[in-house]
Every structure is written in structure tokens, then in C-alpha cells.
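Source file: structure28.pdb (PDB, C-alpha atoms, pLDDT in the B column)
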```pdb
ATOM      1  CA  MET X   1     219.580 252.235  51.873  1.00 55.00           C
ATOM      2  CA  LEU X   2     219.723 249.224  49.583  1.00 55.00           C
ATOM      3  CA  ARG X   3     222.048 251.136  47.276  1.00 59.00           C
ATOM      4  CA  SER X   4     224.473 251.881  50.135  1.00 63.00           C
ATOM      5  CA  LEU X   5     224.291 248.268  51.314  1.00 57.00           C
ATOM      6  CA  ILE X   6     225.148 247.017  47.839  1.00 58.00           C
ATOM      7  CA  GLY X   7     227.888 249.643  47.487  1.00 62.00           C
ATOM      8  CA  ASN X   8     229.457 248.596  50.794  1.00 61.00           C
ATOM      9  CA  ALA X   9     229.213 244.950  49.819  1.00 57.00           C
ATOM     10  CA  LEU X  10     230.887 245.629  46.464  1.00 55.00           C
ATOM     11  CA  ARG X  11     233.759 247.487  48.141  1.00 59.00           C
ATOM     12  CA  THR X  12     234.372 244.660  50.607  1.00 57.00           C
ATOM     13  CA  GLY X  13     234.098 241.997  47.916  1.00 53.00           C
ATOM     14  CA  ALA X  14     231.201 240.209  49.581  1.00 50.00           C
ATOM     15  CA  VAL X  15     228.932 240.293  46.529  1.00 45.00           C
ATOM     16  CA  ALA X  16     229.100 237.971  43.574  1.00 46.00           C
ATOM     17  CA  LEU X  17     227.358 239.528  40.586  1.00 44.00           C
ATOM     18  CA  ARG X  18     226.037 237.159  37.981  1.00 46.00           C
ATOM     19  CA  SER X  19     226.197 238.002  34.321  1.00 44.00           C
ATOM     20  CA  PRO X  20     222.966 239.243  32.719  1.00 46.00           C
ATOM     21  CA  VAL X  21     220.815 236.654  31.027  1.00 47.00           C
ATOM     22  CA  VAL X  22     219.538 238.008  27.725  1.00 46.00           C
ATOM     23  CA  SER X  23     217.698 235.868  25.253  1.00 49.00           C
ATOM     24  CA  GLY X  24     215.655 236.405  22.144  1.00 49.00           C
ATOM     25  CA  PRO X  25     216.075 238.788  19.220  1.00 49.00           C
ATOM     26  CA  LEU X  26     216.961 241.792  21.412  1.00 47.00           C
ATOM     27  CA  GLN X  27     220.305 240.609  22.740  1.00 47.00           C
ATOM     28  CA  LYS X  28     221.943 244.029  22.380  1.00 49.00           C
ATOM     29  CA  CYS X  29     220.048 245.565  25.340  1.00 46.00           C
ATOM     30  CA  ALA X  30     222.248 246.792  28.145  1.00 46.00           C
ATOM     31  CA  PHE X  31     221.034 247.510  31.647  1.00 45.00           C
ATOM     32  CA  SER X  32     222.689 248.386  34.954  1.00 45.00           C
ATOM     33  CA  SER X  33     225.298 246.260  36.660  1.00 45.00           C
ATOM     34  CA  LEU X  34     222.612 244.293  38.495  1.00 45.00           C
ATOM     35  CA  GLN X  35     221.435 241.054  36.962  1.00 46.00           C
ATOM     36  CA  VAL X  36     218.606 241.198  34.440  1.00 44.00           C
ATOM     37  CA  ASN X  37     216.272 238.235  34.853  1.00 48.00           C
ATOM     38  CA  THR X  38     214.250 237.941  31.694  1.00 47.00           C
ATOM     39  CA  GLY X  39     216.191 240.010  29.213  1.00 50.00           C
ATOM     40  CA  CYS X  40     214.838 242.665  26.881  1.00 50.00           C
ATOM     41  CA  ASN X  41     211.623 240.945  25.842  1.00 51.00           C
ATOM     42  CA  THR X  42     209.635 242.492  28.711  1.00 50.00           C
ATOM     43  CA  VAL X  43     208.708 246.143  28.972  1.00 55.00           C
ATOM     44  CA  PHE X  44     210.102 246.527  32.492  1.00 54.00           C
ATOM     45  CA  PRO X  45     212.981 244.127  33.121  1.00 54.00           C
ATOM     46  CA  LYS X  46     213.100 242.493  36.541  1.00 58.00           C
ATOM     47  CA  LEU X  47     216.234 243.237  38.508  1.00 58.00           C
ATOM     48  CA  THR X  48     217.304 240.604  40.993  1.00 60.00           C
ATOM     49  CA  LEU X  49     219.376 241.383  44.012  1.00 58.00           C
ATOM     50  CA  PRO X  50     222.954 240.178  43.981  1.00 57.00           C
ATOM     51  CA  THR X  51     223.896 237.332  46.276  1.00 59.00           C
ATOM     52  CA  ILE X  52     225.232 238.713  49.537  1.00 56.00           C
ATOM     53  CA  SER X  53     227.368 236.642  51.855  1.00 57.00           C
ATOM     54  CA  GLY X  54     226.633 236.334  55.566  1.00 58.00           C
ATOM     55  CA  ASN X  55     229.204 238.818  56.906  1.00 60.00           C
ATOM     56  CA  VAL X  56     227.329 241.816  55.497  1.00 56.00           C
ATOM     57  CA  LEU X  57     223.960 240.713  56.810  1.00 57.00           C
ATOM     58  CA  GLN X  58     225.265 240.132  60.321  1.00 63.00           C
ATOM     59  CA  GLN X  59     226.177 243.800  60.815  1.00 63.00           C
ATOM     60  CA  PRO X  60     223.407 245.823  62.471  1.00 66.00           C
ATOM     61  CA  LEU X  61     221.896 248.362  60.116  1.00 62.00           C
ATOM     62  CA  PRO X  62     221.453 251.914  61.400  1.00 69.00           C
ATOM     63  CA  LEU X  63     217.873 253.124  61.714  1.00 70.00           C
ATOM     64  CA  GLN X  64     217.187 255.935  59.291  1.00 73.00           C
ATOM     65  CA  ALA X  65     213.479 256.526  59.929  1.00 74.00           C
ATOM     66  CA  GLN X  66     212.842 260.099  61.040  1.00 75.00           C
ATOM     67  CA  GLN X  67     209.606 261.787  61.918  1.00 72.00           C
ATOM     68  CA  SER X  68     208.164 264.015  59.278  1.00 73.00           C
ATOM     69  CA  ARG X  69     205.554 266.647  59.998  1.00 70.00           C
ATOM     70  CA  SER X  70     205.644 268.382  56.684  1.00 81.00           C
ATOM     71  CA  VAL X  71     203.186 270.976  55.483  1.00 87.00           C
ATOM     72  CA  THR X  72     201.036 270.298  52.447  1.00 88.00           C
ATOM     73  CA  LYS X  73     202.017 273.197  50.236  1.00 87.00           C
ATOM     74  CA  PHE X  74     199.192 272.791  47.722  1.00 90.00           C
ATOM     75  CA  SER X  75     195.961 270.883  48.401  1.00 91.00           C
ATOM     76  CA  LEU X  76     194.492 268.848  45.586  1.00 93.00           C
ATOM     77  CA  ASN X  77     191.071 270.526  45.647  1.00 94.00           C
ATOM     78  CA  LYS X  78     191.746 274.261  45.939  1.00 93.00           C
ATOM     79  CA  GLY X  79     195.531 274.489  45.835  1.00 93.00           C
ATOM     80  CA  LYS X  80     195.867 276.110  49.260  1.00 93.00           C
ATOM     81  CA  ARG X  81     198.213 275.307  52.134  1.00 93.00           C
ATOM     82  CA  LYS X  82     196.993 272.975  54.841  1.00 93.00           C
ATOM     83  CA  SER X  83     197.633 273.088  58.575  1.00 94.00           C
ATOM     84  CA  VAL X  84     199.395 270.262  60.358  1.00 93.00           C
ATOM     85  CA  LYS X  85     196.703 268.741  62.561  1.00 93.00           C
ATOM     86  CA  ALA X  86     199.176 267.578  65.213  1.00 92.00           C
ATOM     87  CA  VAL X  87     200.158 271.195  65.896  1.00 94.00           C
ATOM     88  CA  ILE X  88     196.541 272.282  66.311  1.00 95.00           C
ATOM     89  CA  LYS X  89     195.854 269.410  68.714  1.00 94.00           C
ATOM     90  CA  ARG X  90     198.946 269.769  70.904  1.00 94.00           C
ATOM     91  CA  PHE X  91     199.686 273.492  70.959  1.00 95.00           C
ATOM     92  CA  ARG X  92     197.778 276.715  71.539  1.00 95.00           C
ATOM     93  CA  ARG X  93     198.811 280.084  70.118  1.00 96.00           C
ATOM     94  CA  LEU X  94     198.517 283.109  72.367  1.00 93.00           C
ATOM     95  CA  ASP X  95     197.518 286.520  71.042  1.00 91.00           C
ATOM     96  CA  TRP X  96     201.049 287.902  71.330  1.00 90.00           C
ATOM     97  CA  GLY X  97     202.557 285.170  69.161  1.00 91.00           C
ATOM     98  CA  ALA X  98     203.891 282.614  71.629  1.00 93.00           C
ATOM     99  CA  TRP X  99     202.802 279.002  71.600  1.00 96.00           C
ATOM    100  CA  ILE X 100     201.960 277.144  74.789  1.00 94.00           C
ATOM    101  CA  ARG X 101     201.831 273.411  75.410  1.00 94.00           C
ATOM    102  CA  THR X 102     201.487 270.926  78.229  1.00 91.00           C
ATOM    103  CA  TYR X 103     204.199 268.576  79.389  1.00 92.00           C
ATOM    104  CA  THR X 104     204.343 265.286  77.556  1.00 89.00           C
ATOM    105  CA  GLY X 105     203.237 262.222  79.488  1.00 90.00           C
ATOM    106  CA  ARG X 106     201.325 264.274  82.025  1.00 92.00           C
ATOM    107  CA  GLN X 107     198.599 261.623  82.364  1.00 93.00           C
ATOM    108  CA  LYS X 108     200.747 258.503  82.079  1.00 95.00           C
ATOM    109  CA  LYS X 109     201.600 256.329  85.102  1.00 96.00           C
ATOM    110  CA  LEU X 110     200.755 258.976  87.673  1.00 96.00           C
ATOM    111  CA  PHE X 111     200.923 256.358  90.429  1.00 96.00           C
ATOM    112  CA  SER X 112     204.682 256.072  89.980  1.00 96.00           C
ATOM    113  CA  LYS X 113     205.393 259.835  90.011  1.00 96.00           C
ATOM    114  CA  SER X 114     206.061 261.946  93.055  1.00 96.00           C
ATOM    115  CA  PRO X 115     203.601 264.693  94.061  1.00 96.00           C
ATOM    116  CA  GLU X 116     206.108 267.382  93.069  1.00 96.00           C
ATOM    117  CA  ARG X 117     206.484 265.877  89.624  1.00 95.00           C
ATOM    118  CA  ARG X 118     202.710 265.558  89.214  1.00 95.00           C
ATOM    119  CA  ARG X 119     202.340 269.238  90.116  1.00 95.00           C
ATOM    120  CA  ARG X 120     204.985 270.183  87.528  1.00 94.00           C
ATOM    121  CA  LEU X 121     203.262 268.057  84.887  1.00 94.00           C
ATOM    122  CA  ARG X 122     200.006 269.978  85.378  1.00 93.00           C
ATOM    123  CA  GLN X 123     201.764 273.200  84.368  1.00 92.00           C
ATOM    124  CA  HIS X 124     202.185 274.521  80.847  1.00 92.00           C
ATOM    125  CA  VAL X 125     205.338 275.440  78.937  1.00 92.00           C
ATOM    126  CA  PHE X 126     206.040 278.202  76.406  1.00 93.00           C
ATOM    127  CA  THR X 127     207.906 277.310  73.257  1.00 94.00           C
ATOM    128  CA  ASN X 128     211.053 279.208  72.401  1.00 93.00           C
ATOM    129  CA  SER X 129     211.298 281.601  69.474  1.00 92.00           C
ATOM    130  CA  THR X 130     212.626 279.008  67.029  1.00 94.00           C
ATOM    131  CA  GLN X 131     209.848 276.588  67.843  1.00 94.00           C
ATOM    132  CA  SER X 132     207.230 279.358  67.640  1.00 94.00           C
ATOM    133  CA  TRP X 133     208.544 280.373  64.223  1.00 94.00           C
ATOM    134  CA  LEU X 134     208.376 276.752  63.046  1.00 94.00           C
ATOM    135  CA  LEU X 135     204.851 276.262  64.395  1.00 96.00           C
ATOM    136  CA  ASP X 136     203.738 279.491  62.708  1.00 96.00           C
ATOM    137  CA  LYS X 137     204.885 278.048  59.398  1.00 94.00           C
ATOM    138  CA  MET X 138     203.062 274.780  60.024  1.00 94.00           C
ATOM    139  CA  VAL X 139     199.606 276.363  60.439  1.00 96.00           C
ATOM    140  CA  THR X 140     197.565 278.632  58.205  1.00 95.00           C
ATOM    141  CA  SER X 141     196.773 282.261  58.898  1.00 94.00           C
ATOM    142  CA  TYR X 142     193.440 281.282  60.444  1.00 96.00           C
ATOM    143  CA  TRP X 143     195.212 279.692  63.414  1.00 95.00           C
ATOM    144  CA  ARG X 144     197.670 282.597  63.729  1.00 95.00           C
ATOM    145  CA  ARG X 145     194.872 285.149  64.226  1.00 94.00           C
ATOM    146  CA  PRO X 146     193.656 285.913  67.788  1.00 92.00           C
ATOM    147  CA  LYS X 147     190.600 283.897  68.766  1.00 90.00           C
ATOM    148  CA  ASN X 148     187.834 284.830  71.229  1.00 90.00           C
ATOM    149  CA  TRP X 149     186.802 281.618  72.941  1.00 89.00           C
ATOM    150  CA  VAL X 150     184.010 281.422  75.514  1.00 94.00           C
ATOM    151  CA  ASP X 151     185.412 280.796  79.029  1.00 93.00           C
ATOM    152  CA  ASP X 152     188.983 280.782  77.768  1.00 91.00           C
ATOM    153  CA  ILE X 153     191.298 279.387  80.433  1.00 88.00           C
ATOM    154  CA  TYR X 154     194.259 281.081  78.742  1.00 89.00           C
ATOM    155  CA  ALA X 155     192.694 284.590  78.930  1.00 89.00           C
ATOM    156  CA  PRO X 156     195.229 285.968  81.477  1.00 84.00           C
ATOM    157  CA  TYR X 157     198.112 284.824  79.271  1.00 86.00           C
ATOM    158  CA  HIS X 158     196.959 286.575  76.092  1.00 87.00           C
ATOM    159  CA  LYS X 159     198.335 289.912  77.332  1.00 84.00           C
ATOM    160  CA  ARG X 160     202.001 290.608  77.794  1.00 84.00           C
ATOM    161  CA  ASP X 161     202.266 294.106  79.215  1.00 80.00           C
ATOM    162  CA  GLU X 162     205.770 293.828  80.691  1.00 79.00           C
ATOM    163  CA  PHE X 163     207.392 294.177  77.252  1.00 77.00           C
ATOM    164  CA  PHE X 164     207.214 297.281  75.082  1.00 77.00           C
ATOM    165  CA  ALA X 165     206.418 295.502  71.825  1.00 72.00           C
ATOM    166  CA  THR X 166     203.370 293.694  73.231  1.00 73.00           C
ATOM    167  CA  LYS X 167     202.144 296.381  75.637  1.00 76.00           C
ATOM    168  CA  SER X 168     198.415 297.084  75.306  1.00 74.00           C
ATOM    169  CA  LYS X 169     198.314 300.335  77.380  1.00 71.00           C
ATOM    170  CA  PRO X 170     200.341 303.428  76.516  1.00 68.00           C
ATOM    171  CA  PHE X 171     203.594 303.848  78.419  1.00 62.00           C
ATOM    172  CA  LYS X 172     203.499 306.517  81.175  1.00 64.00           C
ATOM    173  CA  VAL X 173     206.666 308.315  82.245  1.00 60.00           C
TER     174      VAL X 173
END
```
Represent the structure from my file as C-alpha cells, please.
Amino acid sequence: MLRSLIGNALRTGAVALRSPVVSGPLQKCAFSSLQVNTGCNTVFPKLTLPTISGNVLQQPLPLQAQQSRSVTKFSLNKGKRKSVKAVIKRFRRLDWGAWIRTYTGRQKKLFSKSPERRRRLRQHVFTNSTQSWLLDKMVTSYWRRPKNWVDDIYAPYHKRDEFFATKSKPFKV
């Protein structure tokens, strides 16, 4: 971001670059176009920012921060993949491969929501195929396997007999 800011300032002519200050026996050192503070006598030369006039700083900068829920490909101890904990907390995988979740904000400011909206917020939502595929990649094979929980509230949803691929009983003609 700093590089693009400096590049834009150079194109508009709003930056005044100072010449590098090099002193001592190593005057032949050459660095980048930014100013070098102390010259070549240090191991890592300090680069100072160029002076920028006010018109560049007054423009609002676009926000470039994006969420990142990346998978750890190799752990430091054993070298195995790691699951994303946010997926395990917020989603539940059904035996037939779909992921289910609750509505977001279902417990926030319930006093200001209508009864119909509160009823809808108590329901659950299936993810679509793209989201299910992404969530499958974000967890390890342990979380993709069917689980047998005691008093599972999702037990009726683990079967999907209306489709041929997930039918548990043989098809009768």
C-alpha cells in the first residue's frame, strides 16, 4: 500500500525526493530511489520516507483488509493439516455431506425484532454446494466422517432418502 501511495505521489509530482547522504569510505554504495539516511557504514541502511505534500494525504485511502480463514497446510509438530476452528464452532456437517448453520445474529437485540423474524432466526440453514465444498477443504477428514452423538438433535436430518445418491433403502419399482 505504501508502494502504491508513493507511486501515485511520484506520478502527480507531489513528492520531493532528497538525494542520498553517503559518507565514509564506502561512498560507491547505491541503493533504491528512496533516501538513505546513514550511508553504507551500517549493515542495514535506514530508508526514510519521502516528503509528501498535503494533497495526497487528504484523499481517503481505500480499505484493503480482508478476512482470511486460511488452512494451515503443515503443522510445525507433525506436519499435518489443521482444521479451521471457526468452521467447527459455527457449522455442523450432516452424514450426507451438507453443512448446516444457524442464522447470524439470532440472539442479538431480540427485543427489537418481530415475532416472525425471531421464529425465522431460530431455524437452521443449509449451505450451498460451493460453500460445502469450501468447508470440506477447511476441515480434516475426522470432521468429514459421520459422527454418532448421544441425543443428537440433528438425527432426522442425517438421512436424505428423497434423492437416489443418498438413499439408504433400496429403490422399489
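Closest approach to X:Arg160 among X:Leu110, X:Leu76, X:Ala98, X:Val71 is made by X:Ala98 (distances from all atoms listed in the file).
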Discussion item. Neighbouring residues of X:Trp133 were defined as those with any atom within 12 Å, considering only C-alpha atoms; residues of the same chain fewer than 4 positions away were excluded. Please report them as a list in words.
Written reply: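 Non-adjacent residues within range: Arg93, Gly97, Ala98, Trp99, Thr127, Asn128, Ser129, Lys137, Met138, Val139 and Arg144 of chain X.
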Translate the PyMOL selection byres ((chain X and resi 154) around 10) into a concrete residue list for this structure, as a compact mmCIF listing (two decimals) with C-alpha atoms, in the frame of the given file.
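So the final result, stored in result_24.txt, reads:
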```
# COMPACT_ATOMS: atom_id res chain seq x y z
CA ARG X 92 197.78 276.71 71.54
CA ARG X 93 198.81 280.08 70.12
CA LEU X 94 198.52 283.11 72.37
CA ASP X 95 197.52 286.52 71.04
CA ILE X 100 201.96 277.14 74.79
CA TRP X 149 186.80 281.62 72.94
CA ASP X 151 185.41 280.80 79.03
CA ASP X 152 188.98 280.78 77.77
CA ILE X 153 191.30 279.39 80.43
CA ALA X 155 192.69 284.59 78.93
CA PRO X 156 195.23 285.97 81.48
CA TYR X 157 198.11 284.82 79.27
CA HIS X 158 196.96 286.58 76.09
CA LYS X 159 198.34 289.91 77.33
```
Worksheet entry | Distance in Å - atom CA of X:Leu121 versus atom CA of X:Lys109 |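 Taking atom CA of X:Leu121 as the start and atom CA of X:Lys109 as the end point, the length is 11.8 Å.
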Please give the centre and size of the box around stretch 128-131 of chain X (axis-aligned, containing every atom listed in the file, 6 Å added per side), with values in Å to one decimal and written as lines of an AutoDock Vina configuration file.
```
center_x = 211.2
center_y = 279.1
center_z = 69.7
size_x = 14.8
size_y = 17.0
size_z = 17.4
```
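Coordinates place atom CA of X:Arg101 at a distance of 6.5 Å from atom CA of X:Phe126.
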Worksheet item: atom CA of X:Asp161 to atom CA of X:Trp96: how many Å, to one decimal?
Response: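 These two atoms are separated by 10.1 Å.
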Discussion item. On this structure, the PyMOL selection byres ((chain X and resi 106) around 12) would catch which residues? List them as an MDAnalysis selection string, sorted by chain and number.
Written reply: chainID X and resid 101:105 107:113 117:124
Store the residues picked out above, limited to C-alpha atoms, as a PDB file, in the coordinates of the input.
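Once everything was written out, this is selection-v6.pdb:
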```
ATOM      1  CA  ARG X 101     201.831 273.411  75.410  1.00 94.00           C
ATOM      2  CA  THR X 102     201.487 270.926  78.229  1.00 91.00           C
ATOM      3  CA  TYR X 103     204.199 268.576  79.389  1.00 92.00           C
ATOM      4  CA  THR X 104     204.343 265.286  77.556  1.00 89.00           C
ATOM      5  CA  GLY X 105     203.237 262.222  79.488  1.00 90.00           C
ATOM      6  CA  GLN X 107     198.599 261.623  82.364  1.00 93.00           C
ATOM      7  CA  LYS X 108     200.747 258.503  82.079  1.00 95.00           C
ATOM      8  CA  LYS X 109     201.600 256.329  85.102  1.00 96.00           C
ATOM      9  CA  LEU X 110     200.755 258.976  87.673  1.00 96.00           C
ATOM     10  CA  PHE X 111     200.923 256.358  90.429  1.00 96.00           C
ATOM     11  CA  SER X 112     204.682 256.072  89.980  1.00 96.00           C
ATOM     12  CA  LYS X 113     205.393 259.835  90.011  1.00 96.00           C
ATOM     13  CA  ARG X 117     206.484 265.877  89.624  1.00 95.00           C
ATOM     14  CA  ARG X 118     202.710 265.558  89.214  1.00 95.00           C
ATOM     15  CA  ARG X 119     202.340 269.238  90.116  1.00 95.00           C
ATOM     16  CA  ARG X 120     204.985 270.183  87.528  1.00 94.00           C
ATOM     17  CA  LEU X 121     203.262 268.057  84.887  1.00 94.00           C
ATOM     18  CA  ARG X 122     200.006 269.978  85.378  1.00 93.00           C
ATOM     19  CA  GLN X 123     201.764 273.200  84.368  1.00 92.00           C
ATOM     20  CA  HIS X 124     202.185 274.521  80.847  1.00 92.00           C
TER      21      HIS X 124
END
```
